[in-house]
Each structure stands twice: as C-alpha cells, then as structure tokens.
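For reference, the structure is listed below as structure tokens.
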Amino acid sequence: MILHIGENTSVDSREIVSILNLADNESPVTRDLLGDAEEQHRLLEVSGLTAKSAVICAGARKPGGVTENTRVYLSPISSMTLMKRMYSQSNEAIGEAYGVQSKKMLSIIRKITGQTTVG
C-alpha cells in the first residue's frame with residue numbers, strides 16, 4: 001500500500017521501518033539518527049514546512065541484513081496522522097481481501113483515533 005506523507009511524496013508502506021514524532025523534544029538518539037542520515041545524504045525533506053515526523057524507510061536488503069537505499073523523510077504531517085492512515089488502509093485491504101473487517105484492526109483504529117465507529 002502507498003502512504004502519502006506530504007506534498008507530492010508517497011512511500012510504499014511495506015518499506016516503513018519507523019515513524020518518529022518530531023513535534024516533542026527530540027531525544028539525543030533521534031538527533032544522532034537524523035544527523036547521520038543527513039551526512040549520508042539519505043535525509044529528504046518533503047516540504048519547506050516544519051517537520052512534525054520522520055518516516056524511516058528501508059530499501060532492498062543486502063547480505064548481512066544491511067539495507068540499501070535507506071531513507072529518512074521529514075514530513076509536515078504528524079506521526080499520529082500517518083499511523084491512522086496506515087491502519088485505515090490496512091483495514092480496508094483486509095476487508096477487501098476477506099470481505100469482512102478485522103475486529104482486531106478495527107479495535108486498534110478505534111484506540112488510535114478515539115472513535116467509537118470507523119467508517
């Protein structure tokens with residue numbers, strides 16, 4: 001599935017390793033990770049707006065578990081909104097594949113969004 005992360009940028013959700021919240025104070029580990037990604041020219045800004053989240057994507061795996069083409073996207077969309085989109089798309093795909101909605105997926109979406117119904 002494709003996840004829209006801002007402006008004209010979308011990523012394959014199967015490649016997403018992590019979505020980090022940048023709206024709160026960044027931890028030293030996050031700062032180091034972003035600094036390393038920038039030094040390696042793997043840090044990509046989605047827009048000129050303030051980044052609210054970092055989406056870490058892994059490319060093709062090499063022998064030894066190292067990934068090639070690892071990228072970190074700085075997105076103006078909050079990490080919570082991106083997570084909601086991923087879970088919503090997953091739920092739709094499950095529904096299409098099986099003709100029903102997964103109760104567990106529905107429960108996760110409700111917890112994340114605070115909704116009593118998902119439509």
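Identifiers for the structure tokens are assigned positionally: chains receive A, B, ... in sequence, residues are indexed from 1 per chain, and ligands are indexed from 1 in the order shown.
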
Selection near Asn8 in chain A, 10 Å with only C-alpha atoms, sequence-local residues under 3 positions removed, as a PyMOL selection string:
chain A and resi 4-5+46-47

Using only C-alpha atoms, which residues sit within 12 Å of range 17-31 of chain A once same-chain residues fewer than 3 positions away are excluded, as a VMD selection string?
chain A and resid 3 5 11 to 14 34 to 38 50 to 59 67 70 to 84 86

Grab the residues selected above and save them as a CSV table (one decimal), in the first residue's frame with C-alpha atoms.
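selection_39.csv, written as the output of this step:
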```csv
chain,number,residue,atom,x,y,z
A,3,LEU,CA,1.2,6.1,2.2
A,5,ILE,CA,3.5,11.6,3.7
A,11,VAL,CA,6.1,5.8,0.1
A,12,ASP,CA,5.4,2.0,0.0
A,13,SER,CA,4.2,1.2,3.5
A,14,ARG,CA,6.0,-2.2,3.3
A,34,LEU,CA,18.8,12.4,11.7
A,35,GLY,CA,22.4,13.8,11.7
A,36,ASP,CA,23.8,10.5,10.4
A,37,ALA,CA,21.1,10.3,7.7
A,38,GLU,CA,21.9,13.9,6.6
A,50,THR,CA,8.3,22.4,9.8
A,51,ALA,CA,8.8,18.7,10.1
A,52,LYS,CA,6.5,17.0,12.6
A,53,SER,CA,7.6,13.4,11.9
A,54,ALA,CA,10.4,11.4,10.4
A,55,VAL,CA,9.5,8.4,8.3
A,56,ILE,CA,12.3,5.9,8.1
A,57,CYS,CA,12.2,3.6,5.1
A,58,ALA,CA,14.5,0.7,4.2
A,59,GLY,CA,15.2,-0.3,0.7
A,67,THR,CA,19.7,-2.3,3.8
A,70,THR,CA,17.6,3.5,3.4
A,71,ARG,CA,15.9,6.9,3.5
A,72,VAL,CA,14.5,9.2,6.2
A,73,TYR,CA,11.7,11.5,5.1
A,74,LEU,CA,10.9,14.6,7.1
A,75,SER,CA,7.2,15.0,6.9
A,76,PRO,CA,5.0,18.0,7.8
A,77,ILE,CA,2.2,15.5,8.8
A,78,SER,CA,2.1,14.4,12.4
A,79,SER,CA,3.2,10.9,13.3
A,80,MET,CA,-0.3,10.1,14.7
A,81,THR,CA,-2.0,11.1,11.4
A,82,LEU,CA,0.4,9.0,9.4
A,83,MET,CA,-0.2,6.0,11.7
A,84,LYS,CA,-4.0,6.5,11.4
A,86,MET,CA,-1.6,3.3,7.7
```

Compare A:Asn69, A:Arg42, A:Ile16, A:Ile2 by their minimum atom-to-atom distance to Arg85 in chain A, counting only C-alpha atoms, and give me the closest one.
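The closest residue to Arg85 in chain A is A:Ile2.
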
Between CA of Leu44 in chain A and CA of Ser10 in chain A, what is the distance, to one decimal in Å?
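CA of Ser10 in chain A lies 12.2 Å from CA of Leu44 in chain A.
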
Measure the distance from CA of Gln40 in chain A to CA of Glu7 in chain A in Å and round it to one decimal.
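Interatomic distance, CA of Gln40 in chain A to CA of Glu7 in chain A: 23.5 Å.
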
What is the distance between CA of Met1 in chain A and CA of Glu15 in chain A, in Å to one decimal?
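Interatomic distance, CA of Met1 in chain A to CA of Glu15 in chain A: 9.9 Å.
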